[in-house]
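Trainee: My structure file start_23.tsv, TSV, C-alpha atoms, is below:
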chain	number	residue	atom	x	y	z
E	78	MET	CA	-48.54	107.21	1.86
E	79	THR	CA	-48.82	104.89	4.87
E	80	ASP	CA	-49.39	106.37	8.31
E	81	PHE	CA	-46.03	105.21	9.67
E	82	ALA	CA	-44.18	106.80	6.73
E	83	ILE	CA	-45.17	110.13	8.31
E	84	THR	CA	-44.90	109.33	12.03
E	85	LEU	CA	-41.69	107.26	12.03
E	86	ALA	CA	-38.19	108.61	11.53
E	87	PRO	CA	-36.78	107.86	8.05
E	88	ASP	CA	-34.71	104.82	9.12
E	89	ALA	CA	-37.63	103.26	11.01
E	90	ALA	CA	-40.05	104.04	8.14
E	91	LEU	CA	-37.66	102.29	5.76
E	92	ALA	CA	-37.61	99.26	8.07
E	93	ALA	CA	-41.41	99.24	8.20
E	94	GLN	CA	-41.66	99.34	4.40
E	95	GLY	CA	-39.23	96.42	4.19
E	96	TRP	CA	-41.29	94.49	6.72
E	97	LEU	CA	-44.51	94.95	4.74
E	98	ARG	CA	-42.75	94.02	1.53
E	99	THR	CA	-41.55	90.79	3.14
E	100	LEU	CA	-45.06	89.97	4.37
E	101	ARG	CA	-46.40	90.50	0.88
E	102	THR	CA	-43.73	88.69	-1.15
E	103	GLU	CA	-42.42	85.98	1.19
E	104	ARG	CA	-45.35	85.35	3.52
E	105	ARG	CA	-47.82	86.07	0.69
E	106	MET	CA	-50.32	87.66	3.02
E	107	ALA	CA	-53.72	88.63	1.68
E	108	ALA	CA	-54.21	92.30	0.84
E	109	LYS	CA	-56.69	92.90	3.67
E	110	THR	CA	-54.41	91.22	6.23
E	111	LEU	CA	-51.50	93.33	5.01
E	112	GLU	CA	-53.66	96.43	5.31
E	113	ALA	CA	-54.54	95.52	8.92
E	114	TYR	CA	-50.86	95.01	9.82
E	115	ALA	CA	-49.93	98.35	8.26
E	116	ARG	CA	-52.76	100.06	10.14
E	117	ASP	CA	-51.67	98.48	13.43
E	118	LEU	CA	-48.09	99.67	13.04
E	119	GLY	CA	-49.33	103.10	11.95
E	120	GLN	CA	-51.36	103.48	15.16
E	121	PHE	CA	-48.40	102.31	17.22
E	122	ALA	CA	-46.05	104.75	15.45
E	123	ARG	CA	-48.47	107.66	15.88
E	124	PHE	CA	-48.86	106.92	19.58
E	125	MET	CA	-45.10	106.65	20.12
E	126	ALA	CA	-44.49	109.92	18.26
E	127	ASP	CA	-46.81	111.67	20.74
E	128	HIS	CA	-45.53	109.63	23.68
E	129	LEU	CA	-41.85	110.36	22.99
E	130	GLY	CA	-42.31	113.86	21.63
E	131	GLU	CA	-40.64	113.01	18.31
E	132	SER	CA	-40.85	110.55	15.45
E	133	PRO	CA	-39.33	107.31	16.76
E	134	SER	CA	-36.15	106.10	15.06
E	135	ASN	CA	-34.69	102.60	15.06
E	136	ALA	CA	-32.66	103.52	18.13
E	137	ALA	CA	-35.74	104.84	19.96
E	138	LEU	CA	-37.76	101.73	19.09
E	139	ALA	CA	-34.93	99.59	20.48
E	140	GLU	CA	-34.94	101.50	23.78
E	141	LEU	CA	-38.69	101.37	24.49
E	142	ALA	CA	-39.50	99.97	27.91
E	143	ALA	CA	-42.27	97.50	28.72
E	144	SER	CA	-44.22	100.41	30.20
E	145	ASP	CA	-44.18	102.15	26.80
E	146	PHE	CA	-45.75	99.18	25.07
E	147	ARG	CA	-48.31	98.86	27.86
E	148	ALA	CA	-49.12	102.55	27.54
E	149	PHE	CA	-49.96	102.04	23.87
E	150	LEU	CA	-52.25	99.09	24.65
E	151	ALA	CA	-53.90	101.07	27.46
E	152	ARG	CA	-54.57	103.99	25.11
E	153	ARG	CA	-56.10	101.71	22.52
E	154	ARG	CA	-58.28	100.17	25.23
E	155	THR	CA	-59.58	103.61	26.24
E	156	GLU	CA	-60.34	104.26	22.56
E	157	GLY	CA	-62.64	101.24	22.54
E	158	ALA	CA	-60.41	98.52	21.11
E	159	GLU	CA	-61.44	95.05	22.29
E	160	SER	CA	-59.11	92.31	23.50
E	161	ARG	CA	-59.08	90.55	20.14
E	162	THR	CA	-58.02	93.76	18.38
E	163	LEU	CA	-55.34	94.47	20.98
E	164	ALA	CA	-53.97	90.94	20.64
E	165	ARG	CA	-53.75	91.35	16.87
E	166	GLN	CA	-52.02	94.73	17.19
E	167	LEU	CA	-49.48	93.30	19.61
E	168	SER	CA	-48.88	90.45	17.16
E	169	SER	CA	-48.30	92.98	14.35
E	170	ILE	CA	-45.80	94.93	16.44
E	171	ARG	CA	-43.95	91.76	17.41
E	172	SER	CA	-43.80	90.71	13.77
E	173	PHE	CA	-42.23	94.06	12.86
E	174	TYR	CA	-39.67	93.78	15.67
E	175	ARG	CA	-38.78	90.20	14.68
E	176	PHE	CA	-38.18	91.39	11.12
E	177	ALA	CA	-35.96	94.21	12.37
E	178	GLU	CA	-33.95	91.84	14.57
E	179	ARG	CA	-33.44	89.33	11.75
E	180	ARG	CA	-32.16	92.13	9.53
E	181	GLY	CA	-29.82	93.38	12.25
E	182	LEU	CA	-31.56	96.74	12.48
E	183	PHE	CA	-32.60	96.75	16.14
E	184	ARG	CA	-34.01	94.52	18.84
E	185	ASN	CA	-36.00	95.04	22.02
E	186	ALA	CA	-36.08	92.46	24.80
E	187	ALA	CA	-38.80	94.33	26.72
E	188	LEU	CA	-41.40	93.45	24.10
E	189	SER	CA	-41.17	89.75	24.98
E	190	THR	CA	-42.38	90.51	28.51
E	191	ILE	CA	-45.71	91.93	27.30
E	192	ARG	CA	-48.55	89.46	27.59
E	193	ALA	CA	-51.37	89.57	25.08
E	194	PRO	CA	-54.82	90.34	26.48
E	195	LYS	CA	-56.77	87.27	27.48
E	196	LEU	CA	-59.33	86.47	24.83
E	197	PRO	CA	-62.82	85.23	25.66
E	198	HIS	CA	-63.07	81.51	24.96
E	199	ALA	CA	-65.73	81.45	22.29
E	200	VAL	CA	-67.14	78.07	21.33
E	201	PRO	CA	-68.91	77.88	17.95
E	202	LYS	CA	-72.68	77.60	18.18
E	203	PRO	CA	-73.90	75.27	15.43
E	204	LEU	CA	-77.54	74.68	14.62
E	205	PRO	CA	-79.24	71.35	15.25
E	206	PRO	CA	-79.26	69.29	12.02
E	207	GLU	CA	-83.02	69.61	11.51
E	208	LYS	CA	-82.89	73.40	12.00
E	209	ALA	CA	-79.94	73.76	9.62
E	210	GLN	CA	-81.75	71.78	6.93
E	211	ARG	CA	-84.91	73.84	7.39
E	212	LEU	CA	-82.98	77.10	7.32
E	213	VAL	CA	-81.32	76.43	3.98
E	214	LYS	CA	-84.70	75.99	2.29
E	215	ALA	CA	-85.04	79.79	2.55
E	216	ASP	CA	-88.73	79.68	1.52
E	217	LEU	CA	-90.43	80.58	4.80
E	218	LEU	CA	-90.68	84.25	3.89
E	219	ALA	CA	-91.65	83.78	0.27
E	220	ALA	CA	-94.38	86.11	-0.91
E	221	GLU	CA	-96.44	85.64	-4.04
E	222	GLU	CA	-94.53	88.40	-5.81
E	223	THR	CA	-91.10	86.97	-4.94
E	224	PRO	CA	-89.44	85.86	-8.21
E	225	GLY	CA	-88.71	82.16	-8.32
E	226	TRP	CA	-85.09	82.75	-9.28
E	227	ILE	CA	-84.53	84.79	-6.08
E	228	LEU	CA	-85.84	81.90	-3.95
E	229	ALA	CA	-83.65	79.46	-5.88
E	230	ARG	CA	-80.64	81.76	-5.49
E	231	ASP	CA	-81.05	82.11	-1.74
E	232	GLU	CA	-81.47	78.36	-1.28
E	233	ALA	CA	-78.38	77.68	-3.40
E	234	VAL	CA	-76.23	80.09	-1.38
E	235	LEU	CA	-77.39	78.75	2.00
E	236	THR	CA	-77.01	75.15	0.84
E	237	LEU	CA	-73.39	75.82	-0.14
E	238	LEU	CA	-72.67	77.33	3.29
E	239	TYR	CA	-74.00	74.23	5.03
E	240	ALA	CA	-73.20	71.41	2.59
E	241	SER	CA	-69.70	72.58	1.68
E	242	GLY	CA	-68.73	74.58	4.78
E	243	LEU	CA	-68.04	77.74	2.80
E	244	ARG	CA	-67.62	81.20	4.19
E	245	ILE	CA	-70.18	83.63	2.79
E	246	SER	CA	-67.52	85.50	0.80
E	247	GLU	CA	-66.35	82.21	-0.72
E	248	ALA	CA	-69.85	81.20	-1.76
E	249	LEU	CA	-70.62	84.57	-3.33
E	250	SER	CA	-67.39	84.59	-5.35
E	251	LEU	CA	-68.10	81.22	-7.01
E	252	THR	CA	-68.29	81.18	-10.79
E	253	ARG	CA	-70.14	78.92	-13.21
E	254	ALA	CA	-66.81	77.43	-14.24
E	255	GLN	CA	-66.14	76.34	-10.65
E	256	VAL	CA	-69.44	74.53	-10.14
E	257	ASP	CA	-69.08	72.42	-13.28
E	258	SER	CA	-66.98	69.96	-11.24
E	259	PRO	CA	-68.04	67.51	-8.48
E	260	VAL	CA	-65.59	69.31	-6.20
E	261	LEU	CA	-64.96	72.99	-5.62
E	262	THR	CA	-61.54	74.61	-5.59
E	263	VAL	CA	-62.06	77.47	-3.16
E	264	MET	CA	-59.81	80.45	-2.54
E	265	GLY	CA	-59.97	81.06	1.20
E	266	LYS	CA	-58.31	83.35	3.72
E	267	GLY	CA	-54.75	84.38	3.01
E	268	GLY	CA	-55.08	83.35	-0.63
E	269	LYS	CA	-54.98	79.66	0.31
E	270	THR	CA	-56.86	77.20	-1.87
E	271	ARG	CA	-58.65	74.08	-0.71
E	272	ILE	CA	-60.81	71.37	-2.22
E	273	VAL	CA	-64.35	70.87	-0.89
E	274	PRO	CA	-67.11	68.53	-2.08
E	275	LEU	CA	-70.05	69.75	-4.11
E	276	LEU	CA	-72.69	67.38	-2.79
E	277	PRO	CA	-75.66	66.39	-4.99
E	278	ALA	CA	-78.05	68.55	-2.95
E	279	ALA	CA	-75.82	71.59	-3.45
E	280	ARG	CA	-75.26	70.81	-7.14
E	281	GLU	CA	-79.01	70.51	-7.70
E	282	ALA	CA	-79.72	73.77	-5.86
E	283	VAL	CA	-77.10	75.60	-7.92
E	284	ALA	CA	-78.39	74.09	-11.18
E	285	ARG	CA	-81.95	75.14	-10.31
E	286	TYR	CA	-80.80	78.71	-9.67
E	287	LEU	CA	-78.79	78.87	-12.89
E	288	ASP	CA	-81.77	77.61	-14.91
E	289	LEU	CA	-84.02	80.32	-13.48
E	290	CYS	CA	-81.59	83.24	-13.24
E	291	PRO	CA	-82.48	85.96	-15.80
E	292	PHE	CA	-78.87	87.16	-15.96
E	293	SER	CA	-75.94	85.51	-17.73
E	294	PRO	CA	-72.63	86.37	-16.05
E	295	ALA	CA	-69.47	85.28	-17.86
E	296	PRO	CA	-68.13	81.83	-16.87
E	297	ARG	CA	-65.49	83.37	-14.62
E	298	GLU	CA	-67.65	86.08	-13.07
E	299	PRO	CA	-69.48	85.56	-9.75
E	300	MET	CA	-72.62	83.62	-10.64
E	301	PHE	CA	-74.83	84.82	-7.78
E	302	ARG	CA	-76.57	88.01	-8.83
E	303	GLY	CA	-78.64	90.71	-7.17
E	304	VAL	CA	-82.00	91.90	-8.43
E	305	LYS	CA	-80.35	94.44	-10.78
E	306	GLY	CA	-77.85	91.98	-12.17
E	307	GLY	CA	-74.76	92.97	-10.21
E	308	PRO	CA	-72.83	90.55	-7.98
E	309	LEU	CA	-74.85	89.56	-4.92
E	310	ASN	CA	-73.84	91.41	-1.76
E	311	ALA	CA	-73.17	89.49	1.46
E	312	ARG	CA	-75.47	91.87	3.32
E	313	ASN	CA	-78.45	90.48	1.39
E	314	ILE	CA	-77.76	87.01	2.77
E	315	GLN	CA	-77.16	88.33	6.29
E	316	LEU	CA	-80.53	90.11	6.23
E	317	LEU	CA	-82.19	86.99	4.84
E	318	ILE	CA	-80.82	84.91	7.74
E	319	GLU	CA	-82.02	87.52	10.23
E	320	ARG	CA	-85.56	87.22	8.89
E	321	LEU	CA	-85.43	83.43	8.68
E	322	ARG	CA	-84.22	82.97	12.24
E	323	GLY	CA	-87.16	85.06	13.41
E	324	ALA	CA	-89.53	82.82	11.51
E	325	LEU	CA	-87.87	79.67	12.87
E	326	GLY	CA	-87.42	80.96	16.42
E	327	LEU	CA	-83.62	80.65	16.25
E	328	PRO	CA	-81.18	82.59	18.49
E	329	ASP	CA	-79.08	85.54	17.33
E	330	THR	CA	-76.13	83.17	16.93
E	331	ALA	CA	-77.86	81.73	13.86
E	332	THR	CA	-75.84	83.63	11.25
E	333	PRO	CA	-74.50	82.66	7.82
E	334	HIS	CA	-71.27	81.59	9.53
E	335	ALA	CA	-73.25	79.35	11.89
E	336	LEU	CA	-74.01	77.15	8.87
E	337	ARG	CA	-70.26	76.65	8.41
E	338	HIS	CA	-70.00	75.77	12.12
E	339	SER	CA	-72.88	73.35	11.65
E	340	PHE	CA	-71.12	71.73	8.69
E	341	ALA	CA	-68.05	71.00	10.85
E	342	SER	CA	-69.92	69.99	14.00
E	343	HIS	CA	-72.29	67.62	12.22
E	344	LEU	CA	-69.39	65.96	10.39
E	345	LEU	CA	-67.56	65.44	13.67
E	346	ALA	CA	-70.68	64.11	15.41
E	347	ASN	CA	-71.04	61.52	12.64
E	348	GLY	CA	-67.48	60.24	12.94
E	349	ALA	CA	-65.49	62.37	10.47
E	350	ASP	CA	-61.77	62.63	11.19
E	351	LEU	CA	-60.65	65.94	12.67
E	352	ARG	CA	-57.83	66.25	10.13
E	353	VAL	CA	-60.31	65.85	7.27
E	354	ILE	CA	-62.53	68.57	8.77
E	355	GLN	CA	-59.46	70.81	9.08
E	356	GLU	CA	-58.75	70.37	5.36
E	357	LEU	CA	-62.37	70.97	4.38
E	358	LEU	CA	-62.55	74.17	6.43
E	359	GLY	CA	-59.15	75.40	5.26
E	360	HIS	CA	-57.79	75.90	8.77
E	361	ALA	CA	-54.03	76.42	8.87
E	362	SER	CA	-53.78	74.90	12.35
E	363	LEU	CA	-55.47	71.82	13.79
E	364	SER	CA	-55.93	73.70	17.08
E	365	THR	CA	-58.45	75.96	15.31
E	366	THR	CA	-60.48	72.94	14.26
E	367	GLN	CA	-60.26	71.28	17.68
E	368	VAL	CA	-62.73	73.79	19.09
E	369	TYR	CA	-65.46	71.68	17.47
E	370	THR	CA	-64.58	68.80	19.79
E	371	GLU	CA	-65.65	71.08	22.66
E	372	VAL	CA	-68.98	71.67	20.94
E	373	ASN	CA	-69.48	67.93	20.56
E	374	ARG	CA	-68.46	67.25	24.17
E	375	ALA	CA	-70.80	69.97	25.45
E	376	HIS	CA	-73.67	68.43	23.48
E	377	LEU	CA	-72.94	64.96	24.87
E	378	LEU	CA	-72.84	66.26	28.44
E	379	ALA	CA	-76.09	68.17	27.95
E	380	GLN	CA	-77.79	65.04	26.63
E	381	TYR	CA	-76.39	63.01	29.53
E	382	ARG	CA	-77.64	65.46	32.16
E	383	LYS	CA	-81.04	65.54	30.47
E	384	ALA	CA	-81.45	61.76	30.17
E	385	HIS	CA	-79.62	60.11	33.07
E	386	PRO	CA	-81.73	59.73	36.24
E	387	ARG	CA	-78.71	60.34	38.50
E	388	ALA	CA	-77.23	63.24	36.52
Turn this file's structure into structure tokens for me.
Mentor:
Amino acid sequence: MTDFAITLAPDAALAAQGWLRTLRTERRMAAKTLEAYARDLGQFARFMADHLGESPSNAALAELAASDFRAFLARRRTEGAESRTLARQLSSIRSFYRFAERRGLFRNAALSTIRAPKLPHAVPKPLPPEKAQRLVKADLLAAEETPGWILARDEAVLTLLYASGLRISEALSLTRAQVDSPVLTVMGKGGKTRIVPLLPAAREAVARYLDLCPFSPAPREPMFRGVKGGPLNARNIQLLIERLRGALGLPDTATPHALRHSFASHLLANGADLRVIQELLGHASLSTTQVYTEVNRAHLLAQYRKAHPRA
């Protein structure tokens, strides 16, 4: 039973269930996103039940003042929630209220006056091309007893992150059937699919791993395997990157996801169209991709200040 099914009055709980059902069937949200939305509303409902002294009904939700919504955000802040989490929770609550208004259940004008917390403006931190290419080799820490198939596996995974711009979860879910084509059909966030290239370097790295791998997963099972034969865990690759960045003297921002940032930034620096990069990354909005133009601009300014005698 969901949290809000207990803390909301029956009519409001029914509205919440209808809202989640709509997100799942009409918006086709991914299971984890749906779970986060349900959790956000559950925390809001639990707070309001304590705040009001009773389980909030549709009528009570309609009558909440701006100060009530702010009180919820303030409580979450004291519990350690960061601005990004608070912004998402406010978005979840607004989504629920919009659903209720469209269905003629209730509306609340006060909610529109609540401003989301200001988020820190984070600019992706890609690796320099030579560092990215060295990192994906993954052989700096090789010991004599390290099996060759493990080295080949790690290089194949890292090459896919950089050469195809994959998220780590996307790379580790790839099957043998998927890599038999010159392009990859990748299932990304929100269940959205996109087409990305499988460059010769990545194809060769994958082929080398498959030739050496002692395990034989089925064609539609994840092809990257751990030492005991089970699907490879993302934590293994994260730990590998941590060790490699120490060996290469890279900053803490050198993570598996930094290879995806590097993929996008290096494409842009070499003249790729922003819309093409958006498609390759699977971004729903161009504004998400445009952050890489800031990376490129920052690099150009840094080079200018370093080289120009009057800078």
Trainee: From (-77.5, 83.9, 1.6), in the file's coordinates, out to 10 Å: which residues are reached, counting all atoms listed in the file? Answer as a list in words.
Mentor: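 Taken together, the residues in range are Val213, Ala215, Arg230, Asp231, Glu232, Ala233, Val234, Leu235, Thr236, Leu237, Leu238, Ile245, Ala248, Leu249, Phe301, Leu309, Asn310, Ala311, Arg312, Asn313, Ile314, Gln315, Leu316, Leu317, Ile318, Thr332 and Pro333 of chain E.
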Trainee: Residues as selected, C-alpha atoms, written as a PDB file, in the frame of the given file, can you do that?
Mentor:
ATOM      1  CA  VAL E 213     -81.320  76.430   3.980  1.00  0.00           C
ATOM      2  CA  ALA E 215     -85.040  79.790   2.550  1.00  0.00           C
ATOM      3  CA  ARG E 230     -80.640  81.760  -5.490  1.00  0.00           C
ATOM      4  CA  ASP E 231     -81.050  82.110  -1.740  1.00  0.00           C
ATOM      5  CA  GLU E 232     -81.470  78.360  -1.280  1.00  0.00           C
ATOM      6  CA  ALA E 233     -78.380  77.680  -3.400  1.00  0.00           C
ATOM      7  CA  VAL E 234     -76.230  80.090  -1.380  1.00  0.00           C
ATOM      8  CA  LEU E 235     -77.390  78.750   2.000  1.00  0.00           C
ATOM      9  CA  THR E 236     -77.010  75.150   0.840  1.00  0.00           C
ATOM     10  CA  LEU E 237     -73.390  75.820  -0.140  1.00  0.00           C
ATOM     11  CA  LEU E 238     -72.670  77.330   3.290  1.00  0.00           C
ATOM     12  CA  ILE E 245     -70.180  83.630   2.790  1.00  0.00           C
ATOM     13  CA  ALA E 248     -69.850  81.200  -1.760  1.00  0.00           C
ATOM     14  CA  LEU E 249     -70.620  84.570  -3.330  1.00  0.00           C
ATOM     15  CA  PHE E 301     -74.830  84.820  -7.780  1.00  0.00           C
ATOM     16  CA  LEU E 309     -74.850  89.560  -4.920  1.00  0.00           C
ATOM     17  CA  ASN E 310     -73.840  91.410  -1.760  1.00  0.00           C
ATOM     18  CA  ALA E 311     -73.170  89.490   1.460  1.00  0.00           C
ATOM     19  CA  ARG E 312     -75.470  91.870   3.320  1.00  0.00           C
ATOM     20  CA  ASN E 313     -78.450  90.480   1.390  1.00  0.00           C
ATOM     21  CA  ILE E 314     -77.760  87.010   2.770  1.00  0.00           C
ATOM     22  CA  GLN E 315     -77.160  88.330   6.290  1.00  0.00           C
ATOM     23  CA  LEU E 316     -80.530  90.110   6.230  1.00  0.00           C
ATOM     24  CA  LEU E 317     -82.190  86.990   4.840  1.00  0.00           C
ATOM     25  CA  ILE E 318     -80.820  84.910   7.740  1.00  0.00           C
ATOM     26  CA  THR E 332     -75.840  83.630  11.250  1.00  0.00           C
ATOM     27  CA  PRO E 333     -74.500  82.660   7.820  1.00  0.00           C
TER      28      PRO E 333
END
Trainee: Tell me which of E:His338, E:Arg105, E:Ala136, E:Thr370 sits closest to Asp350 of chain E, counting only C-alpha atoms.
Mentor: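 For Asp350 of chain E, the nearest of the given residues is E:Thr370.
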Trainee: Quick one: residues within 9 Å of segment 184-196 of chain E, only C-alpha atoms, excluding same-chain residues fewer than 4 positions away - as a list in words?
Mentor: Asn135, Leu138, Ala139, Glu140, Leu141, Ala142, Ala143, Ser144, Phe146, Arg147, Ser160, Arg161, Leu163, Ala164, Arg165, Leu167, Ser168, Ile170, Arg171, Tyr174, Arg175, Ala177, Glu178 and Arg179 of chain E
Trainee: At what distance in Å, to one decimal, does atom CA of Ala108 of chain E lie from atom CA of Ala89 of chain E?
Mentor: 22.3 Å
Trainee: Nearest to Ser241 of chain E: which of E:Ser132, E:Thr365, E:Ser172, E:Ser339 is it, counting all atoms listed in the file?
Mentor: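 Closest to Ser241 of chain E of all the choices is E:Ser339.
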Trainee: Find the spatial neighbours of Leu118 of chain E, counting all atoms listed in the file, within a cut-off of 9 Å - ignore same-chain residues fewer than 3 positions away - and output them as a list in words.
Mentor: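 Counting all atoms listed in the file, the residues come to Asp80, Phe81, Ala93, Ala113, Tyr114, Ala115, Phe121, Ala122, Arg123, Gln166, Ser169, Ile170 and Phe173 of chain E.
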Trainee: Nearest to Gly119 of chain E: which of E:Ile83, E:Gly348, E:Leu261, E:Phe340 is it, counting only C-alpha atoms?
Mentor: E:Ile83
Trainee: In file coordinates, which residues lie within 10 Å of (-82.5, 85.7, -9.8) using only C-alpha atoms, given as a ChimeraX atom specification?
Mentor: /E:223-231,286-292,301-306,309
Trainee: Do you know which residues are at most 10 Å from Lys269 of chain E counting all atoms listed in the file, after dropping those on the same chain fewer than 2 positions away, and could you put them as an NGL selection string?
Mentor: :E and (105-107 or 263-267 or 271 or 359-361)
Trainee: Could those residues be written to a file, using C-alpha atoms, as a PDB file, keeping the file's coordinate frame?
Mentor:
ATOM      1  CA  ARG E 105     -47.820  86.070   0.690  1.00  0.00           C
ATOM      2  CA  MET E 106     -50.320  87.660   3.020  1.00  0.00           C
ATOM      3  CA  ALA E 107     -53.720  88.630   1.680  1.00  0.00           C
ATOM      4  CA  VAL E 263     -62.060  77.470  -3.160  1.00  0.00           C
ATOM      5  CA  MET E 264     -59.810  80.450  -2.540  1.00  0.00           C
ATOM      6  CA  GLY E 265     -59.970  81.060   1.200  1.00  0.00           C
ATOM      7  CA  LYS E 266     -58.310  83.350   3.720  1.00  0.00           C
ATOM      8  CA  GLY E 267     -54.750  84.380   3.010  1.00  0.00           C
ATOM      9  CA  ARG E 271     -58.650  74.080  -0.710  1.00  0.00           C
ATOM     10  CA  GLY E 359     -59.150  75.400   5.260  1.00  0.00           C
ATOM     11  CA  HIS E 360     -57.790  75.900   8.770  1.00  0.00           C
ATOM     12  CA  ALA E 361     -54.030  76.420   8.870  1.00  0.00           C
TER      13      ALA E 361
END
Trainee: Could you work out how far atom CA of Pro203 of chain E lies from atom CA of Ala335 of chain E, giving the answer in Å with one decimal?
Mentor: 5.4 Å
Trainee: Since fewer atoms than expected are present, regenerate all heavy atoms for segment 208-214 of chain E and write them as a PDB file, in the frame of the given file.
Mentor:
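Here's the written file rebuild_31.pdb:
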ATOM      1  N   LYS E 208     -82.729  71.958  12.174  1.00  0.00           N
ATOM      2  CA  LYS E 208     -82.890  73.400  12.000  1.00  0.00           C
ATOM      3  C   LYS E 208     -82.031  73.901  10.834  1.00  0.00           C
ATOM      4  O   LYS E 208     -82.456  74.765  10.059  1.00  0.00           O
ATOM      5  CB  LYS E 208     -82.483  74.130  13.285  1.00  0.00           C
ATOM      6  CG  LYS E 208     -83.410  73.904  14.459  1.00  0.00           C
ATOM      7  CD  LYS E 208     -84.754  74.599  14.266  1.00  0.00           C
ATOM      8  CE  LYS E 208     -85.592  74.530  15.532  1.00  0.00           C
ATOM      9  NZ  LYS E 208     -86.924  75.166  15.352  1.00  0.00           N
ATOM     10  N   ALA E 209     -80.817  73.358  10.718  1.00  0.00           N
ATOM     11  CA  ALA E 209     -79.940  73.760   9.620  1.00  0.00           C
ATOM     12  C   ALA E 209     -80.567  73.405   8.272  1.00  0.00           C
ATOM     13  O   ALA E 209     -80.571  74.209   7.329  1.00  0.00           O
ATOM     14  CB  ALA E 209     -78.574  73.091   9.758  1.00  0.00           C
ATOM     15  N   GLN E 210     -81.137  72.209   8.188  1.00  0.00           N
ATOM     16  CA  GLN E 210     -81.750  71.780   6.930  1.00  0.00           C
ATOM     17  C   GLN E 210     -82.989  72.607   6.605  1.00  0.00           C
ATOM     18  O   GLN E 210     -83.249  72.902   5.440  1.00  0.00           O
ATOM     19  CB  GLN E 210     -82.104  70.298   7.025  1.00  0.00           C
ATOM     20  CG  GLN E 210     -80.882  69.388   7.085  1.00  0.00           C
ATOM     21  CD  GLN E 210     -81.251  67.933   7.290  1.00  0.00           C
ATOM     22  OE1 GLN E 210     -82.262  67.470   6.789  1.00  0.00           O
ATOM     23  NE2 GLN E 210     -80.432  67.207   8.041  1.00  0.00           N
ATOM     24  N   ARG E 211     -83.719  73.006   7.630  1.00  0.00           N
ATOM     25  CA  ARG E 211     -84.910  73.840   7.390  1.00  0.00           C
ATOM     26  C   ARG E 211     -84.497  75.250   6.980  1.00  0.00           C
ATOM     27  O   ARG E 211     -85.134  75.862   6.111  1.00  0.00           O
ATOM     28  CB  ARG E 211     -85.775  73.892   8.664  1.00  0.00           C
ATOM     29  CG  ARG E 211     -87.114  74.576   8.451  1.00  0.00           C
ATOM     30  CD  ARG E 211     -87.996  73.738   7.531  1.00  0.00           C
ATOM     31  NE  ARG E 211     -89.191  74.469   7.090  1.00  0.00           N
ATOM     32  CZ  ARG E 211     -89.259  75.172   5.970  1.00  0.00           C
ATOM     33  NH1 ARG E 211     -88.202  75.294   5.182  1.00  0.00           N
ATOM     34  NH2 ARG E 211     -90.382  75.769   5.615  1.00  0.00           N
ATOM     35  N   LEU E 212     -83.432  75.739   7.603  1.00  0.00           N
ATOM     36  CA  LEU E 212     -82.980  77.100   7.320  1.00  0.00           C
ATOM     37  C   LEU E 212     -82.556  77.259   5.867  1.00  0.00           C
ATOM     38  O   LEU E 212     -82.862  78.266   5.217  1.00  0.00           O
ATOM     39  CB  LEU E 212     -81.824  77.474   8.250  1.00  0.00           C
ATOM     40  CG  LEU E 212     -81.277  78.892   8.142  1.00  0.00           C
ATOM     41  CD1 LEU E 212     -82.333  79.901   8.575  1.00  0.00           C
ATOM     42  CD2 LEU E 212     -80.028  79.046   9.007  1.00  0.00           C
ATOM     43  N   VAL E 213     -81.845  76.274   5.332  1.00  0.00           N
ATOM     44  CA  VAL E 213     -81.320  76.430   3.980  1.00  0.00           C
ATOM     45  C   VAL E 213     -82.411  76.397   2.916  1.00  0.00           C
ATOM     46  O   VAL E 213     -82.155  76.779   1.765  1.00  0.00           O
ATOM     47  CB  VAL E 213     -80.244  75.355   3.657  1.00  0.00           C
ATOM     48  CG1 VAL E 213     -79.088  75.441   4.625  1.00  0.00           C
ATOM     49  CG2 VAL E 213     -80.836  73.963   3.646  1.00  0.00           C
ATOM     50  N   LYS E 214     -83.622  75.976   3.268  1.00  0.00           N
ATOM     51  CA  LYS E 214     -84.700  75.990   2.290  1.00  0.00           C
ATOM     52  C   LYS E 214     -85.061  77.421   1.888  1.00  0.00           C
ATOM     53  O   LYS E 214     -85.481  77.676   0.760  1.00  0.00           O
ATOM     54  CB  LYS E 214     -85.938  75.278   2.851  1.00  0.00           C
ATOM     55  CG  LYS E 214     -85.809  73.767   2.881  1.00  0.00           C
ATOM     56  CD  LYS E 214     -85.643  73.223   1.475  1.00  0.00           C
ATOM     57  CE  LYS E 214     -85.510  71.720   1.468  1.00  0.00           C
ATOM     58  NZ  LYS E 214     -85.268  71.216   0.095  1.00  0.00           N
TER      59      LYS E 214
END
